[in-house]
file model16.cif (mmCIF, C-alpha atoms)
data_upload
loop_
_atom_site.label_atom_id
_atom_site.label_comp_id
_atom_site.auth_asym_id
_atom_site.auth_seq_id
_atom_site.Cartn_x
_atom_site.Cartn_y
_atom_site.Cartn_z
CA MET Q 1 2.43 -17.93 6.55
CA HIS Q 2 4.07 -20.75 8.49
CA ASN Q 3 0.95 -22.91 8.22
CA THR Q 4 0.76 -22.29 4.46
CA ALA Q 5 4.39 -23.31 3.99
CA SER Q 6 3.89 -26.43 6.09
CA ALA Q 7 0.83 -27.41 4.08
CA ALA Q 8 2.72 -26.89 0.82
CA LEU Q 9 5.61 -29.04 2.07
CA GLY Q 10 3.17 -31.74 3.12
CA ARG Q 11 1.59 -31.79 -0.34
CA GLU Q 12 5.03 -31.99 -1.95
CA LEU Q 13 6.03 -34.93 0.24
CA LEU Q 14 2.81 -36.76 -0.56
CA SER Q 15 3.29 -36.08 -4.27
CA GLU Q 16 6.86 -37.43 -4.20
CA ASN Q 17 5.69 -40.46 -2.25
CA THR Q 18 2.89 -41.15 -4.74
CA HIS Q 19 5.40 -41.01 -7.61
CA LEU Q 20 7.72 -43.51 -5.92
CA ALA Q 21 4.78 -45.73 -4.95
CA GLN Q 22 3.90 -45.99 -8.63
CA HIS Q 23 7.49 -47.03 -9.30
CA ASN Q 24 7.18 -49.74 -6.63
CA ARG Q 25 3.90 -50.90 -8.14
CA GLU Q 26 5.55 -51.24 -11.55
CA HIS Q 27 8.14 -53.57 -10.00
CA PHE Q 28 5.40 -55.62 -8.37
CA ASP Q 29 3.41 -55.79 -11.61
CA GLU Q 30 6.45 -56.84 -13.62
CA ALA Q 31 7.01 -59.68 -11.17
CA GLY Q 32 3.32 -60.64 -11.13
CA VAL Q 33 3.04 -60.06 -7.38
CA PHE Q 34 -0.22 -58.96 -5.74
CA VAL Q 35 0.39 -56.63 -2.78
CA VAL Q 36 -2.03 -56.00 0.08
CA ASN Q 37 -1.48 -53.21 2.63
CA VAL Q 38 -3.00 -54.10 6.02
CA MET Q 39 -3.62 -51.10 8.28
CA SER Q 40 -5.24 -50.44 11.66
CA ALA Q 41 -4.87 -48.85 15.06
CA PRO Q 42 -2.44 -50.57 17.45
CA GLY Q 43 -4.00 -53.65 19.01
CA ALA Q 44 -6.69 -54.28 16.39
CA GLY Q 45 -5.24 -57.71 15.69
CA LYS Q 46 -3.23 -57.42 12.47
CA THR Q 47 -0.46 -59.80 13.47
CA THR Q 48 -2.80 -62.32 15.08
CA LEU Q 49 -4.95 -62.40 11.96
CA LEU Q 50 -1.92 -62.90 9.72
CA GLU Q 51 -0.65 -65.71 11.96
CA GLN Q 52 -3.86 -67.57 11.16
CA ALA Q 53 -4.37 -66.48 7.55
CA LEU Q 54 -0.89 -66.81 6.06
CA PRO Q 55 -0.53 -70.61 6.42
CA LEU Q 56 -3.92 -71.02 4.72
CA LEU Q 57 -2.96 -68.65 1.92
CA ALA Q 58 0.41 -70.37 1.52
CA ARG Q 59 -1.26 -73.67 0.65
CA ARG Q 60 -1.88 -72.39 -2.89
CA HIS Q 61 0.20 -69.22 -3.19
CA ARG Q 62 3.81 -68.24 -2.66
CA VAL Q 63 3.55 -65.65 0.10
CA ALA Q 64 5.87 -63.19 1.83
CA VAL Q 65 5.36 -60.41 4.36
CA ILE Q 66 6.72 -56.89 4.70
CA GLU Q 67 6.45 -56.05 8.40
CA GLY Q 68 6.54 -52.43 9.52
CA ASP Q 69 7.16 -51.55 13.15
CA MET Q 70 8.59 -48.52 14.89
CA ALA Q 71 11.16 -50.14 17.15
CA THR Q 72 11.24 -53.94 17.16
CA GLU Q 73 10.95 -57.09 15.07
CA LEU Q 74 8.66 -58.81 17.57
CA ASP Q 75 5.76 -59.09 15.12
CA ALA Q 76 8.10 -60.05 12.28
CA ASP Q 77 9.48 -62.91 14.41
CA ARG Q 78 5.95 -64.12 15.16
CA LEU Q 79 5.16 -64.32 11.44
CA ARG Q 80 8.48 -65.98 10.58
CA GLU Q 81 7.38 -68.81 12.86
CA ARG Q 82 4.53 -69.40 10.39
CA GLY Q 83 7.02 -70.41 7.73
CA VAL Q 84 6.89 -67.36 5.46
CA ASP Q 85 9.66 -65.01 4.39
CA VAL Q 86 9.45 -61.70 6.26
CA LEU Q 87 11.15 -58.42 5.36
CA ALA Q 88 11.18 -56.31 8.55
CA ILE Q 89 11.31 -52.53 8.24
CA THR Q 90 11.90 -50.52 11.41
CA THR Q 91 10.56 -47.00 10.92
CA GLY Q 92 12.04 -45.29 13.99
CA ARG Q 93 9.86 -42.28 14.82
CA ALA Q 94 7.73 -42.57 11.68
CA CYS Q 95 4.19 -43.78 12.37
CA HIS Q 96 3.74 -45.40 8.96
CA LEU Q 97 5.53 -47.10 6.10
CA ASP Q 98 6.08 -45.04 2.97
CA ALA Q 99 7.14 -45.78 -0.58
CA THR Q 100 10.78 -44.91 0.08
CA MET Q 101 11.02 -47.38 2.97
CA ILE Q 102 9.49 -50.12 0.83
CA ALA Q 103 11.88 -49.41 -2.08
CA ARG Q 104 14.92 -49.39 0.20
CA GLY Q 105 13.79 -52.56 1.91
CA LEU Q 106 13.26 -54.38 -1.36
CA HIS Q 107 16.53 -53.30 -2.95
CA HIS Q 108 18.88 -52.84 -0.01
CA GLY Q 109 17.38 -54.74 2.92
CA GLU Q 110 19.31 -57.43 4.75
CA THR Q 111 16.50 -59.88 3.98
CA LYS Q 112 15.83 -59.82 0.24
CA LEU Q 113 12.50 -60.87 -1.23
CA ASP Q 114 12.74 -62.62 -4.59
CA LEU Q 115 9.74 -60.93 -6.23
CA PRO Q 116 9.46 -63.17 -9.31
CA SER Q 117 9.18 -66.21 -7.04
CA LEU Q 118 6.18 -64.78 -5.16
CA ASP Q 119 2.44 -64.54 -5.79
CA VAL Q 120 1.38 -62.39 -2.84
CA ILE Q 121 3.03 -59.92 -0.49
CA VAL Q 122 1.10 -58.88 2.60
CA VAL Q 123 2.32 -55.63 4.15
CA GLU Q 124 1.57 -55.17 7.84
CA ASN Q 125 1.77 -51.42 8.32
CA VAL Q 126 2.62 -49.59 11.54
CA GLY Q 127 -0.32 -49.34 13.94
CA ASN Q 128 -1.91 -45.93 13.29
CA LEU Q 129 -5.37 -44.86 12.12
CA VAL Q 130 -4.32 -41.89 9.96
CA CYS Q 131 -0.87 -41.81 8.35
CA PRO Q 132 -0.69 -45.29 6.75
CA ALA Q 133 -3.75 -44.46 4.63
CA GLU Q 134 -2.20 -41.24 3.33
CA PHE Q 135 1.10 -42.73 2.16
CA GLU Q 136 0.81 -45.21 -0.69
CA ILE Q 137 3.53 -47.82 -0.90
CA GLY Q 138 2.77 -49.44 -4.26
CA GLU Q 139 0.05 -51.76 -3.01
CA HIS Q 140 -2.84 -53.01 -5.14
CA ARG Q 141 -5.38 -53.17 -2.33
CA LYS Q 142 -5.75 -51.62 1.13
CA VAL Q 143 -7.31 -53.39 4.10
CA ALA Q 144 -8.44 -51.57 7.25
CA LEU Q 145 -8.95 -53.54 10.46
CA CYS Q 146 -11.25 -52.40 13.24
CA SER Q 147 -11.88 -54.53 16.31
CA VAL Q 148 -15.26 -54.67 18.02
CA THR Q 149 -13.57 -53.38 21.17
CA GLU Q 150 -12.87 -50.05 19.42
CA GLY Q 151 -16.55 -49.14 19.23
CA VAL Q 152 -18.66 -48.06 16.27
CA ASP Q 153 -17.41 -44.50 15.77
CA LYS Q 154 -13.89 -45.10 14.41
CA PRO Q 155 -14.93 -44.82 10.72
CA LEU Q 156 -16.54 -41.44 11.44
CA LYS Q 157 -13.66 -40.13 13.56
CA TYR Q 158 -10.91 -41.38 11.25
CA PRO Q 159 -12.52 -41.26 7.79
CA ILE Q 160 -9.24 -41.12 5.84
CA MET Q 161 -8.41 -44.71 6.75
CA PHE Q 162 -11.81 -46.14 5.88
CA ARG Q 163 -12.25 -44.02 2.77
CA ALA Q 164 -8.95 -45.30 1.39
CA ALA Q 165 -9.62 -48.97 2.18
CA ASP Q 166 -10.98 -51.56 -0.23
CA LEU Q 167 -11.88 -53.96 2.57
CA LEU Q 168 -12.90 -53.50 6.20
CA VAL Q 169 -12.06 -56.44 8.42
CA ILE Q 170 -13.94 -56.35 11.72
CA THR Q 171 -11.84 -58.33 14.18
CA LYS Q 172 -12.26 -59.96 17.60
CA LEU Q 173 -15.77 -61.12 16.77
CA ASP Q 174 -15.56 -63.57 19.67
CA LEU Q 175 -15.64 -60.60 22.06
CA LEU Q 176 -18.86 -59.13 20.64
CA PRO Q 177 -21.09 -60.66 23.36
CA HIS Q 178 -18.96 -58.92 26.00
CA VAL Q 179 -19.00 -55.35 24.63
CA ASP Q 180 -21.78 -52.86 24.08
CA VAL Q 181 -21.26 -52.57 20.33
CA SER Q 182 -23.65 -52.90 17.41
CA LEU Q 183 -21.99 -54.69 14.51
CA ASP Q 184 -24.66 -53.33 12.15
CA GLN Q 185 -23.97 -49.74 13.28
CA LEU Q 186 -20.23 -50.18 12.79
CA VAL Q 187 -20.83 -51.37 9.23
CA THR Q 188 -23.33 -48.56 8.61
CA ASN Q 189 -20.83 -45.94 9.77
CA ALA Q 190 -18.10 -47.43 7.60
CA LYS Q 191 -20.39 -47.51 4.57
CA GLU Q 192 -21.34 -43.89 5.20
CA VAL Q 193 -17.69 -42.97 4.75
CA ASN Q 194 -17.08 -45.41 1.88
CA PRO Q 195 -20.18 -46.94 0.23
CA ALA Q 196 -18.04 -49.27 -1.92
CA LEU Q 197 -16.25 -50.77 1.09
CA GLU Q 198 -16.35 -54.56 1.33
CA VAL Q 199 -16.74 -55.96 4.85
CA ILE Q 200 -15.63 -59.19 6.50
CA ALA Q 201 -16.20 -59.92 10.19
CA LEU Q 202 -14.00 -62.55 11.81
CA SER Q 203 -12.29 -63.90 14.88
CA ALA Q 204 -8.66 -64.92 14.58
CA LYS Q 205 -9.00 -66.63 17.96
CA THR Q 206 -11.80 -69.01 16.94
CA GLY Q 207 -11.03 -69.01 13.21
CA GLU Q 208 -14.51 -67.82 12.28
CA GLY Q 209 -14.38 -65.83 9.05
CA VAL Q 210 -10.60 -66.10 8.55
CA LEU Q 211 -11.05 -68.21 5.43
CA ASN Q 212 -13.19 -65.44 3.93
CA PHE Q 213 -10.24 -63.07 4.33
CA VAL Q 214 -7.90 -65.58 2.69
CA ARG Q 215 -10.34 -66.02 -0.20
CA TRP Q 216 -10.55 -62.23 -0.65
CA ILE Q 217 -6.77 -62.02 -1.04
CA ALA Q 218 -6.72 -65.02 -3.38
CA ALA Q 219 -9.43 -63.44 -5.55
CA GLY Q 220 -7.41 -60.21 -5.74
CA ARG Q 221 -4.33 -62.14 -6.74
CA ALA Q 222 -6.28 -63.94 -9.49
CA ALA Q 223 -7.60 -60.63 -10.84
CA HIS Q 224 -4.09 -59.12 -11.00
CA ALA Q 225 -2.19 -62.14 -12.30
CA PRO Q 226 -0.63 -61.83 -15.76
CA PRO Q 227 -2.93 -63.31 -18.47
CA VAL Q 228 -0.69 -66.33 -19.06
CA ALA Q 229 1.30 -66.30 -15.85
CA VAL Q 230 2.70 -69.84 -15.73
CA ARG Q 231 5.93 -69.72 -13.76
CA ALA Q 232 8.18 -72.62 -12.91
#

call {"tool": "encode", "arguments": {"input": "model16.cif", "output": "structure tokens"}}
result
Amino acid sequence: MHNTASAALGRELLSENTHLAQHNREHFDEAGVFVVNVMSAPGAGKTTLLEQALPLLARRHRVAVIEGDMATELDADRLRERGVDVLAITTGRACHLDATMIARGLHHGETKLDLPSLDVIVVENVGNLVCPAEFEIGEHRKVALCSVTEGVDKPLKYPIMFRAADLLVITKLDLLPHVDVSLDQLVTNAKEVNPALEVIALSAKTGEGVLNFVRWIAAGRAAHAPPVAVRA
């Protein structure tokens, strides 16, 4: 009986979150902002990738970041050094961002983001391979990172993350010669979970493939821009 009640409560929470996420998405759409939710296990390289990608993206787009972390603003500070506006959300014990946190951050946060002045918001979610994929936040696209050091089995062991993602970014490509990992097998496993998944392999350290990630975001922004979106 207890398990049944817990499951019902979980479904109710997810339903409420989905409703609020749609509300967030309506705000983003009204402002003409394309939102990307970047998710991964801790240490997969989200912040390092964004340190390299954001300045490239900012050459042609007005970009901001929503940074989710459990206890600090260390990653937010790293990204602020790249010259972009960063809204930091500290989640406390929660292992993911949710739609309520995003709404509160946008409307009541100490650092306000001026949505109509932006083209792209990149959300760096809390490092976790399950919960961030289950809680929508109003994003238009989801990106899952998996480093070569994590092995080939993560898509099979954590299918929720890879099934929800639109893009798989395989990171730390520069370390591939030093680990016993088949890149082809990693992609095969990911495609088994999600056949429609796009894949980009890159190294934020060397820069290889980073531009492909930037172009993927730019293409998504172009597809979601208002038909005659000419803003001063």

call {"tool": "resolve_selection", "arguments": {"input": "model16.cif", "expression": "the PyMOL selection byres ((chain Q and resi 53-66) around 6)", "output": "PyMOL selection string"}}
result
chain Q and resi 50-52+67+84-88+118-123+214

call {"tool": "resolve_selection", "arguments": {"input": "model16.cif", "expression": "the PyMOL selection byres ((chain Q and resi 150-153) around 8)", "output": "list in words"}}
result
Cys146, Ser147, Val148, Thr149, Lys154, Pro155, Leu156, Lys157, Val181, Ser182, Leu183, Gln185, Leu186 and Asn189 of chain Q

call {"tool": "closest_residue", "arguments": {"input": "model16.cif", "among": "Q:Ala44, Q:Leu115, Q:Leu173, Q:Leu106", "to": "Ile137 in chain Q", "atoms": "all atoms listed in the file"}}
result
Q:Leu106

call {"tool": "closest_residue", "arguments": {"input": "model16.cif", "among": "Q:Leu49, Q:Ala76, Q:Ala219, Q:Ala71", "to": "Ala201 in chain Q", "atoms": "only C-alpha atoms"}}
result
Q:Leu49

call {"tool": "closest_residue", "arguments": {"input": "model16.cif", "among": "Q:Asn128, Q:Leu13, Q:Ala165, Q:Thr47", "to": "His96 in chain Q", "atoms": "all atoms listed in the file"}}
result
Q:Asn128

call {"tool": "residues_around", "arguments": {"input": "model16.cif", "residues": "Gly138 in chain Q", "least_positions_apart": "2", "cutoff": "9 Å", "atoms": "only C-alpha atoms", "output": "tab-separated table (two decimals) with C-alpha atoms, in the frame of the given file"}}
result
chain	number	residue	atom	x	y	z
Q	18	THR	CA	2.89	-41.15	-4.74
Q	20	LEU	CA	7.72	-43.51	-5.92
Q	21	ALA	CA	4.78	-45.73	-4.95
Q	22	GLN	CA	3.90	-45.99	-8.63
Q	23	HIS	CA	7.49	-47.03	-9.30
Q	24	ASN	CA	7.18	-49.74	-6.63
Q	25	ARG	CA	3.90	-50.90	-8.14
Q	26	GLU	CA	5.55	-51.24	-11.55
Q	27	HIS	CA	8.14	-53.57	-10.00
Q	28	PHE	CA	5.40	-55.62	-8.37
Q	35	VAL	CA	0.39	-56.63	-2.78
Q	37	ASN	CA	-1.48	-53.21	2.63
Q	99	ALA	CA	7.14	-45.78	-0.58
Q	102	ILE	CA	9.49	-50.12	0.83
Q	136	GLU	CA	0.81	-45.21	-0.69
Q	140	HIS	CA	-2.84	-53.01	-5.14

call {"tool": "residues_around", "arguments": {"input": "model16.cif", "residues": "Ala144 in chain Q", "least_positions_apart": "5", "cutoff": "6 Å", "atoms": "only C-alpha atoms", "output": "NGL selection string"}}
result
:Q and (39-40 or 165 or 168)

call {"tool": "write_last_selection", "arguments": {"input": "model16.cif", "atoms": "C-alpha atoms", "output": "tab-separated table (two decimals), in the frame of the given file"}}
result
chain	number	residue	atom	x	y	z
Q	39	MET	CA	-3.62	-51.10	8.28
Q	40	SER	CA	-5.24	-50.44	11.66
Q	165	ALA	CA	-9.62	-48.97	2.18
Q	168	LEU	CA	-12.90	-53.50	6.20

call {"tool": "atom_distance", "arguments": {"input": "model16.cif", "atom1": "CA of Leu113 in chain Q", "atom2": "CA of Ile89 in chain Q"}}
result
12.7 Å

call {"tool": "closest_residue", "arguments": {"input": "model16.cif", "among": "Q:Ala94, Q:Met101, Q:Leu167, Q:Phe162", "to": "Val143 in chain Q", "atoms": "only C-alpha atoms"}}
result
Q:Leu167

call {"tool": "resolve_selection", "arguments": {"input": "model16.cif", "expression": "the PyMOL selection byres ((chain Q and resi 203) around 9)", "output": "PyMOL selection string"}}
result
chain Q and resi 49+170-175+201-202+204-210

call {"tool": "atom_distance", "arguments": {"input": "model16.cif", "atom1": "CA of Met70 in chain Q", "atom2": "CA of Ala190 in chain Q"}}
result
27.7 Å

call {"tool": "residues_around", "arguments": {"input": "model16.cif", "residues": "Glu134 in chain Q", "least_positions_apart": "6", "cutoff": "9 Å", "atoms": "all atoms listed in the file", "output": "PDB file with C-alpha atoms, in the coordinates of the input"}}
result
ATOM      1  CA  LEU Q  14       2.810 -36.760  -0.560  1.00  0.00           C
ATOM      2  CA  ILE Q 160      -9.240 -41.120   5.840  1.00  0.00           C
ATOM      3  CA  MET Q 161      -8.410 -44.710   6.750  1.00  0.00           C
ATOM      4  CA  ALA Q 164      -8.950 -45.300   1.390  1.00  0.00           C
TER       5      ALA Q 164
END

call {"tool": "atom_distance", "arguments": {"input": "model16.cif", "atom1": "CA of Arg221 in chain Q", "atom2": "CA of Val38 in chain Q"}}
result
15.1 Å

call {"tool": "build_atoms", "arguments": {"input": "model16.cif", "residues": "range 18-52 of chain Q", "atoms": "N, CA and C atoms", "output": "PDB file, in the frame of the given file"}}
result
ATOM      1  N   THR Q  18       3.787 -40.525  -3.773  1.00  0.00           N
ATOM      2  CA  THR Q  18       2.890 -41.150  -4.740  1.00  0.00           C
ATOM      3  C   THR Q  18       3.659 -41.561  -6.001  1.00  0.00           C
ATOM      4  N   HIS Q  19       4.587 -40.711  -6.422  1.00  0.00           N
ATOM      5  CA  HIS Q  19       5.400 -41.010  -7.610  1.00  0.00           C
ATOM      6  C   HIS Q  19       6.241 -42.267  -7.386  1.00  0.00           C
ATOM      7  N   LEU Q  20       6.887 -42.355  -6.218  1.00  0.00           N
ATOM      8  CA  LEU Q  20       7.720 -43.510  -5.920  1.00  0.00           C
ATOM      9  C   LEU Q  20       6.864 -44.758  -5.701  1.00  0.00           C
ATOM     10  N   ALA Q  21       5.679 -44.588  -5.131  1.00  0.00           N
ATOM     11  CA  ALA Q  21       4.780 -45.730  -4.950  1.00  0.00           C
ATOM     12  C   ALA Q  21       4.404 -46.335  -6.294  1.00  0.00           C
ATOM     13  N   GLN Q  22       4.192 -45.491  -7.296  1.00  0.00           N
ATOM     14  CA  GLN Q  22       3.900 -45.990  -8.630  1.00  0.00           C
ATOM     15  C   GLN Q  22       5.079 -46.783  -9.178  1.00  0.00           C
ATOM     16  N   HIS Q  23       6.281 -46.313  -8.883  1.00  0.00           N
ATOM     17  CA  HIS Q  23       7.490 -47.030  -9.300  1.00  0.00           C
ATOM     18  C   HIS Q  23       7.536 -48.413  -8.622  1.00  0.00           C
ATOM     19  N   ASN Q  24       7.229 -48.452  -7.327  1.00  0.00           N
ATOM     20  CA  ASN Q  24       7.180 -49.740  -6.630  1.00  0.00           C
ATOM     21  C   ASN Q  24       6.150 -50.663  -7.254  1.00  0.00           C
ATOM     22  N   ARG Q  25       4.977 -50.092  -7.573  1.00  0.00           N
ATOM     23  CA  ARG Q  25       3.900 -50.900  -8.140  1.00  0.00           C
ATOM     24  C   ARG Q  25       4.311 -51.490  -9.494  1.00  0.00           C
ATOM     25  N   GLU Q  26       5.066 -50.725 -10.264  1.00  0.00           N
ATOM     26  CA  GLU Q  26       5.550 -51.240 -11.550  1.00  0.00           C
ATOM     27  C   GLU Q  26       6.444 -52.451 -11.347  1.00  0.00           C
ATOM     28  N   HIS Q  27       7.296 -52.408 -10.318  1.00  0.00           N
ATOM     29  CA  HIS Q  27       8.140 -53.570 -10.000  1.00  0.00           C
ATOM     30  C   HIS Q  27       7.283 -54.766  -9.614  1.00  0.00           C
ATOM     31  N   PHE Q  28       6.280 -54.530  -8.781  1.00  0.00           N
ATOM     32  CA  PHE Q  28       5.400 -55.620  -8.370  1.00  0.00           C
ATOM     33  C   PHE Q  28       4.655 -56.204  -9.572  1.00  0.00           C
ATOM     34  N   ASP Q  29       4.161 -55.329 -10.440  1.00  0.00           N
ATOM     35  CA  ASP Q  29       3.410 -55.790 -11.610  1.00  0.00           C
ATOM     36  C   ASP Q  29       4.302 -56.592 -12.559  1.00  0.00           C
ATOM     37  N   GLU Q  30       5.523 -56.126 -12.753  1.00  0.00           N
ATOM     38  CA  GLU Q  30       6.450 -56.840 -13.620  1.00  0.00           C
ATOM     39  C   GLU Q  30       6.720 -58.247 -13.099  1.00  0.00           C
ATOM     40  N   ALA Q  31       6.749 -58.380 -11.783  1.00  0.00           N
ATOM     41  CA  ALA Q  31       7.010 -59.680 -11.170  1.00  0.00           C
ATOM     42  C   ALA Q  31       5.744 -60.519 -11.016  1.00  0.00           C
ATOM     43  N   GLY Q  32       4.582 -59.911 -11.282  1.00  0.00           N
ATOM     44  CA  GLY Q  32       3.320 -60.640 -11.130  1.00  0.00           C
ATOM     45  C   GLY Q  32       2.929 -60.861  -9.685  1.00  0.00           C
ATOM     46  N   VAL Q  33       3.316 -59.934  -8.808  1.00  0.00           N
ATOM     47  CA  VAL Q  33       3.040 -60.060  -7.380  1.00  0.00           C
ATOM     48  C   VAL Q  33       1.871 -59.158  -6.985  1.00  0.00           C
ATOM     49  N   PHE Q  34       0.925 -59.699  -6.262  1.00  0.00           N
ATOM     50  CA  PHE Q  34      -0.220 -58.960  -5.740  1.00  0.00           C
ATOM     51  C   PHE Q  34       0.100 -58.500  -4.333  1.00  0.00           C
ATOM     52  N   VAL Q  35      -0.036 -57.205  -4.064  1.00  0.00           N
ATOM     53  CA  VAL Q  35       0.390 -56.630  -2.780  1.00  0.00           C
ATOM     54  C   VAL Q  35      -0.796 -56.046  -2.029  1.00  0.00           C
ATOM     55  N   VAL Q  36      -0.940 -56.446  -0.779  1.00  0.00           N
ATOM     56  CA  VAL Q  36      -2.030 -56.000   0.080  1.00  0.00           C
ATOM     57  C   VAL Q  36      -1.444 -55.249   1.265  1.00  0.00           C
ATOM     58  N   ASN Q  37      -1.949 -54.056   1.522  1.00  0.00           N
ATOM     59  CA  ASN Q  37      -1.480 -53.210   2.630  1.00  0.00           C
ATOM     60  C   ASN Q  37      -2.496 -53.288   3.760  1.00  0.00           C
ATOM     61  N   VAL Q  38      -2.109 -53.894   4.877  1.00  0.00           N
ATOM     62  CA  VAL Q  38      -3.000 -54.100   6.020  1.00  0.00           C
ATOM     63  C   VAL Q  38      -2.725 -53.022   7.065  1.00  0.00           C
ATOM     64  N   MET Q  39      -3.772 -52.270   7.413  1.00  0.00           N
ATOM     65  CA  MET Q  39      -3.620 -51.100   8.280  1.00  0.00           C
ATOM     66  C   MET Q  39      -4.646 -51.153   9.420  1.00  0.00           C
ATOM     67  N   SER Q  40      -4.296 -50.533  10.547  1.00  0.00           N
ATOM     68  CA  SER Q  40      -5.240 -50.440  11.660  1.00  0.00           C
ATOM     69  C   SER Q  40      -4.610 -49.636  12.785  1.00  0.00           C
ATOM     70  N   ALA Q  41      -5.411 -49.386  13.808  1.00  0.00           N
ATOM     71  CA  ALA Q  41      -4.870 -48.850  15.060  1.00  0.00           C
ATOM     72  C   ALA Q  41      -4.059 -49.935  15.758  1.00  0.00           C
ATOM     73  N   PRO Q  42      -3.159 -49.551  16.670  1.00  0.00           N
ATOM     74  CA  PRO Q  42      -2.440 -50.570  17.450  1.00  0.00           C
ATOM     75  C   PRO Q  42      -3.434 -51.445  18.218  1.00  0.00           C
ATOM     76  N   GLY Q  43      -3.181 -52.741  18.208  1.00  0.00           N
ATOM     77  CA  GLY Q  43      -4.000 -53.650  19.010  1.00  0.00           C
ATOM     78  C   GLY Q  43      -5.264 -54.151  18.341  1.00  0.00           C
ATOM     79  N   ALA Q  44      -5.470 -53.817  17.070  1.00  0.00           N
ATOM     80  CA  ALA Q  44      -6.690 -54.280  16.390  1.00  0.00           C
ATOM     81  C   ALA Q  44      -6.599 -55.743  15.983  1.00  0.00           C
ATOM     82  N   GLY Q  45      -5.389 -56.288  15.971  1.00  0.00           N
ATOM     83  CA  GLY Q  45      -5.240 -57.710  15.690  1.00  0.00           C
ATOM     84  C   GLY Q  45      -4.627 -58.049  14.349  1.00  0.00           C
ATOM     85  N   LYS Q  46      -3.830 -57.153  13.774  1.00  0.00           N
ATOM     86  CA  LYS Q  46      -3.230 -57.420  12.470  1.00  0.00           C
ATOM     87  C   LYS Q  46      -2.349 -58.671  12.502  1.00  0.00           C
ATOM     88  N   THR Q  47      -1.412 -58.698  13.429  1.00  0.00           N
ATOM     89  CA  THR Q  47      -0.460 -59.800  13.470  1.00  0.00           C
ATOM     90  C   THR Q  47      -1.154 -61.121  13.793  1.00  0.00           C
ATOM     91  N   THR Q  48      -2.076 -61.097  14.720  1.00  0.00           N
ATOM     92  CA  THR Q  48      -2.800 -62.320  15.080  1.00  0.00           C
ATOM     93  C   THR Q  48      -3.589 -62.857  13.898  1.00  0.00           C
ATOM     94  N   LEU Q  49      -4.224 -61.962  13.149  1.00  0.00           N
ATOM     95  CA  LEU Q  49      -4.950 -62.400  11.960  1.00  0.00           C
ATOM     96  C   LEU Q  49      -3.997 -63.019  10.940  1.00  0.00           C
ATOM     97  N   LEU Q  50      -2.860 -62.377  10.706  1.00  0.00           N
ATOM     98  CA  LEU Q  50      -1.920 -62.900   9.720  1.00  0.00           C
ATOM     99  C   LEU Q  50      -1.325 -64.233  10.174  1.00  0.00           C
ATOM    100  N   GLU Q  51      -1.140 -64.417  11.469  1.00  0.00           N
ATOM    101  CA  GLU Q  51      -0.650 -65.710  11.960  1.00  0.00           C
ATOM    102  C   GLU Q  51      -1.586 -66.835  11.541  1.00  0.00           C
ATOM    103  N   GLN Q  52      -2.881 -66.556  11.524  1.00  0.00           N
ATOM    104  CA  GLN Q  52      -3.860 -67.570  11.160  1.00  0.00           C
ATOM    105  C   GLN Q  52      -4.066 -67.663   9.644  1.00  0.00           C
TER     106      GLN Q  52
END
